[in-house]
Structure formats: structure tokens, C-alpha cells
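**Q** Starting off with a structure, shown below.
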Amino acid sequence: MSPLDFILEPLGYEFMVRALVTTSIAALVCALLSCWLVLIGWSLMGDAVSHAVLPGVVLAYIVSAPFALGAVVFGVLAVGLIGIVRDRSRIKEDAAIGIVFTTLFALGLALISVTPSQTDLAEIVFGNVLGVSQTELAQIAVLAAIVLIVVLLKRRDLTLFAFDPTHAFSIGLSPRLLGALLLGMLALTAVVALQVVGVVLVVALLIIPGATASLLTDRFGRMLLIAPALAVTASVVGIYLSYWWDASPGALVVLTQGTLFTIVFLASPRYGVFAARLAAARRARLAPPRTTDASEGR
């Protein structure tokens, strides 16, 4: 089989074209948001919100409401509950996050198990990008566009909030509102990524691209370009591999992103493991020889 056949054959199927477009859209918006999540240190919060939206999505399905509405409501609810448990008890934030998101996630699983539906709601948990319809693709595109527009319009305020919330407050910005805005966008992004990888793996799309880009540059502006480029590339490769290997597309998308992270972790010119060892060896060669106690005595 020629390389051209490898690329063109999957494009002959409409469901594969929709899967590639959907995955690329989800990867792009998740990667952009991941830059802020990694910078602020909200990896656990991203995990919490992405899992906590599950009951909201199921309840929205039950009442025939937009999935995004249910996701945002339960995303905000999760953040509020985490704050209450953290601020009004001796429980620390990481434990509060674990308690809230696992409880809400379990509620979502329970609702799925008792909700009659014409579609398999379990696909929300594990994803089904190959089954995306034209209507679902349009909904995903609209949600992704909303997130992209808001994040790009507010990127300077969000970046200042991430680096120095005290300075942001001193110039008239509200760190609380900016944090709420970021969490709201996180909830919408979780809905965008649900169809691709499901609730279980959404956090990978929200963390790996930003973490990978942070090992390649110190400039946040470049991170906002590198992370989406890597994420979209990895997602396309993952979808193609899923076609040829007849394997789970969501899992292969995440595995491809994880593989890219591993390569960068080892070989990054500045922060990679190999670069650190070479720098340490270079310093050892250039360091003056240490004198022994005996020679010092003479």
C-alpha cells in the first residue's frame, strides 16, 4: 500500500471525514484551554469539571435541553461545592476536588443506568467519534467557536489572571469573574470533547497539549500556537491509526498525544531529560578540579 492510499482511503467514508473534523475541532479548543490550565495549575480542576458535567449532560438529554446547558450548570455546581467543602471544613482542596467530582460522576453513571434512551448514553463516558452525525458536528462546531471567541478576546486578561491575580485585581480586573469565565469555558470544552474521547479521557485532551508545549517554550504566546498544532496533528494521526488498526479512536488519540509528550519530555532542547544530562555533563567537564584535603594541607 502506498502512502497516498494510506491517507486517501479513509477519506472515502463520510463518517471518517466527520470524525477527523470533529476530533480536530475538539483538539484545537482543548489545547488552547489547556495552556491556561497548566499555567494556573488547574489540572485537578480540569479533571473535576470534565467528570462532573456527566450528570448535567444526562439530565439535559432527559428533558431534551442542550447538552451545553446541563454541562455548564453542573460544572459551576461542582466548583461551588468544592469551594464550600474546602472553605468550611478541614478538608484540603485536592481532597475536596476528589470527593465532589467522583460523587457527581457516580451520579451521572447512575442516571445513565436508569435512563431509557434510543441512543447509548454510555457513549458519553467512552466517546463515539465515529458515530457523530452532521447535526452533532454542527453543535460541536458552534460550542467550539464560542469558546475560541471568548478565550481569544479575553486572552490578555486571562493570561494576567494566570500569572498574577493580585496585579489583575489592582488594575480593575476581577480574578473571581475571570476564574468563573475560565471554568465556564472549561465546561463547554468538556462537552465538545465528550463525543471524541468520552468523559474518562477528556482530561487528557485538556492537560497533555499545554504540558507538552510548556516543555518547548517559555513564552505563553508561543504555547498558544504550539499546543493546538501538536494536538491537532496527534488527533489526526490517532484517527487514522484507529481506522487501520480497527481500534478505539478516542484511546488512540490520547495515546498519540501521550507519545508526543514522552518524546518532548525526553528530547526537548531546553527542558528535556537528555538536554539536562548533557548540560550536567558539560558543567562537570568545565568545573575546576577539586583539591584533596592532603594537597590543601601541603
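Numbering starts fresh at 1 for the residues of each chain in the C-alpha cells, the chains themselves are lettered A, B, ... in the order given, and ligands are numbered from 1 as they appear.
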Can you tell me which residues surround Val273 in chain A at a distance of at most 12 Å, considering only C-alpha atoms, apart from same-chain residues fewer than 5 positions away, and format the answer as a ChimeraX atom specification?

**A** /A:215,262-268,278-280

**Q** Quick one: everything within 12 Å of Val58 in chain A, counting only C-alpha atoms, minus sequence neighbours fewer than 4 positions away in the same chain. Send it as an MDAnalysis selection string.

**A** chainID A and resid 52:54 62:71 74 104:105 107:117 119:125 191

**Q** Next, the residues of the selection above should be written as a PDB file, in the first residue's frame with C-alpha atoms.

**A**
```pdb
ATOM      1  CA  ALA A  52     -18.750  16.479  36.998  1.00  0.00           C
ATOM      2  CA  VAL A  53     -20.578  17.539  33.830  1.00  0.00           C
ATOM      3  CA  LEU A  54     -21.728  13.958  33.193  1.00  0.00           C
ATOM      4  CA  ILE A  62     -33.779  13.551  29.632  1.00  0.00           C
ATOM      5  CA  VAL A  63     -35.502  16.957  29.392  1.00  0.00           C
ATOM      6  CA  SER A  64     -34.484  17.493  25.742  1.00  0.00           C
ATOM      7  CA  ALA A  65     -32.339  20.513  26.626  1.00  0.00           C
ATOM      8  CA  PRO A  66     -28.976  21.416  25.043  1.00  0.00           C
ATOM      9  CA  PHE A  67     -26.120  19.342  26.421  1.00  0.00           C
ATOM     10  CA  ALA A  68     -24.069  22.507  26.912  1.00  0.00           C
ATOM     11  CA  LEU A  69     -26.648  23.924  29.314  1.00  0.00           C
ATOM     12  CA  GLY A  70     -26.557  20.882  31.575  1.00  0.00           C
ATOM     13  CA  ALA A  71     -22.764  20.779  31.413  1.00  0.00           C
ATOM     14  CA  PHE A  74     -23.105  21.088  36.764  1.00  0.00           C
ATOM     15  CA  LEU A 104     -21.093  13.727  40.664  1.00  0.00           C
ATOM     16  CA  PHE A 105     -19.517  11.301  38.209  1.00  0.00           C
ATOM     17  CA  LEU A 107     -24.469  10.262  39.905  1.00  0.00           C
ATOM     18  CA  GLY A 108     -24.058  10.542  36.144  1.00  0.00           C
ATOM     19  CA  LEU A 109     -23.340   6.832  35.814  1.00  0.00           C
ATOM     20  CA  ALA A 110     -26.402   6.023  37.933  1.00  0.00           C
ATOM     21  CA  LEU A 111     -28.595   8.255  35.758  1.00  0.00           C
ATOM     22  CA  ILE A 112     -27.268   6.580  32.617  1.00  0.00           C
ATOM     23  CA  SER A 113     -28.098   3.147  34.022  1.00  0.00           C
ATOM     24  CA  VAL A 114     -31.763   4.030  34.682  1.00  0.00           C
ATOM     25  CA  THR A 115     -32.456   6.328  31.727  1.00  0.00           C
ATOM     26  CA  PRO A 116     -34.206   4.697  28.760  1.00  0.00           C
ATOM     27  CA  SER A 117     -32.885   6.137  25.520  1.00  0.00           C
ATOM     28  CA  THR A 119     -29.038   6.154  21.893  1.00  0.00           C
ATOM     29  CA  ASP A 120     -26.415   4.561  24.079  1.00  0.00           C
ATOM     30  CA  LEU A 121     -25.705   7.132  26.780  1.00  0.00           C
ATOM     31  CA  ALA A 122     -22.685   5.059  27.799  1.00  0.00           C
ATOM     32  CA  GLU A 123     -21.010   6.575  24.732  1.00  0.00           C
ATOM     33  CA  ILE A 124     -20.793   9.806  26.752  1.00  0.00           C
ATOM     34  CA  VAL A 125     -18.412   8.019  29.098  1.00  0.00           C
ATOM     35  CA  VAL A 191     -18.956  18.929  26.086  1.00  0.00           C
TER      36      VAL A 191
END
```

**Q** Where in range 40-269 of chain A does DSSP assign alpha helix (DSSP H), given as an MDAnalysis selection string?

**A** chainID A and resid 40 43:62 67:87 93:114 123:126 134:153 155:163 165:170 175:214 220:245 249:267

**Q** What's the 12 Å shell around range 171-173 of chain A, counting only C-alpha atoms, without same-chain residues fewer than 2 positions away, as a count of residues only?

**A** 18

**Q** What's the separation between CA of Ala276 in chain A and CA of Leu205 in chain A, in Å to one decimal place?

**A** 27.1 Å

**Q** Between CA of Leu255 in chain A and CA of Arg277 in chain A, what is the spacing in Å?

**A**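 If I compute the distance from CA of Arg277 in chain A to CA of Leu255 in chain A, I get 26.6 Å.
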
**Q** For each of A:Ala144, A:Ile84, A:Ala48, A:Met16, take the minimum atom-to-atom distance to Pro249 in chain A, counting only C-alpha atoms, then give the residue where this is smallest.

**A** A:Met16

**Q** How far is it from CA of Thr189 in chain A to CA of Trp244 in chain A, in Å with one decimal?

**A**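 Distance between the two atoms: 28.3 Å.
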
**Q** When you count only C-alpha atoms, which of these residues is closest to Thr212 in chain A: A:Cys35, A:Leu28, A:Ile140, A:Val236?

**A**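 Closest to Thr212 in chain A, using only C-alpha atoms: A:Cys35.
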
**Q** Which residue gives the smallest distance to Thr233 in chain A among A:Pro209, A:Pro269, A:Gly46, A:Pro10, with only C-alpha atoms counted?

**A**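 Answer, going by the shortest atom-to-atom distance: A:Pro209.
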
**Q** Would you list the contacts of range 219-229 of chain A as a count of residues only, taking every protein, DNA or RNA residue within 9 Å and counting only C-alpha atoms, but skipping same-chain residues closer than 4 positions in sequence?

**A** 20
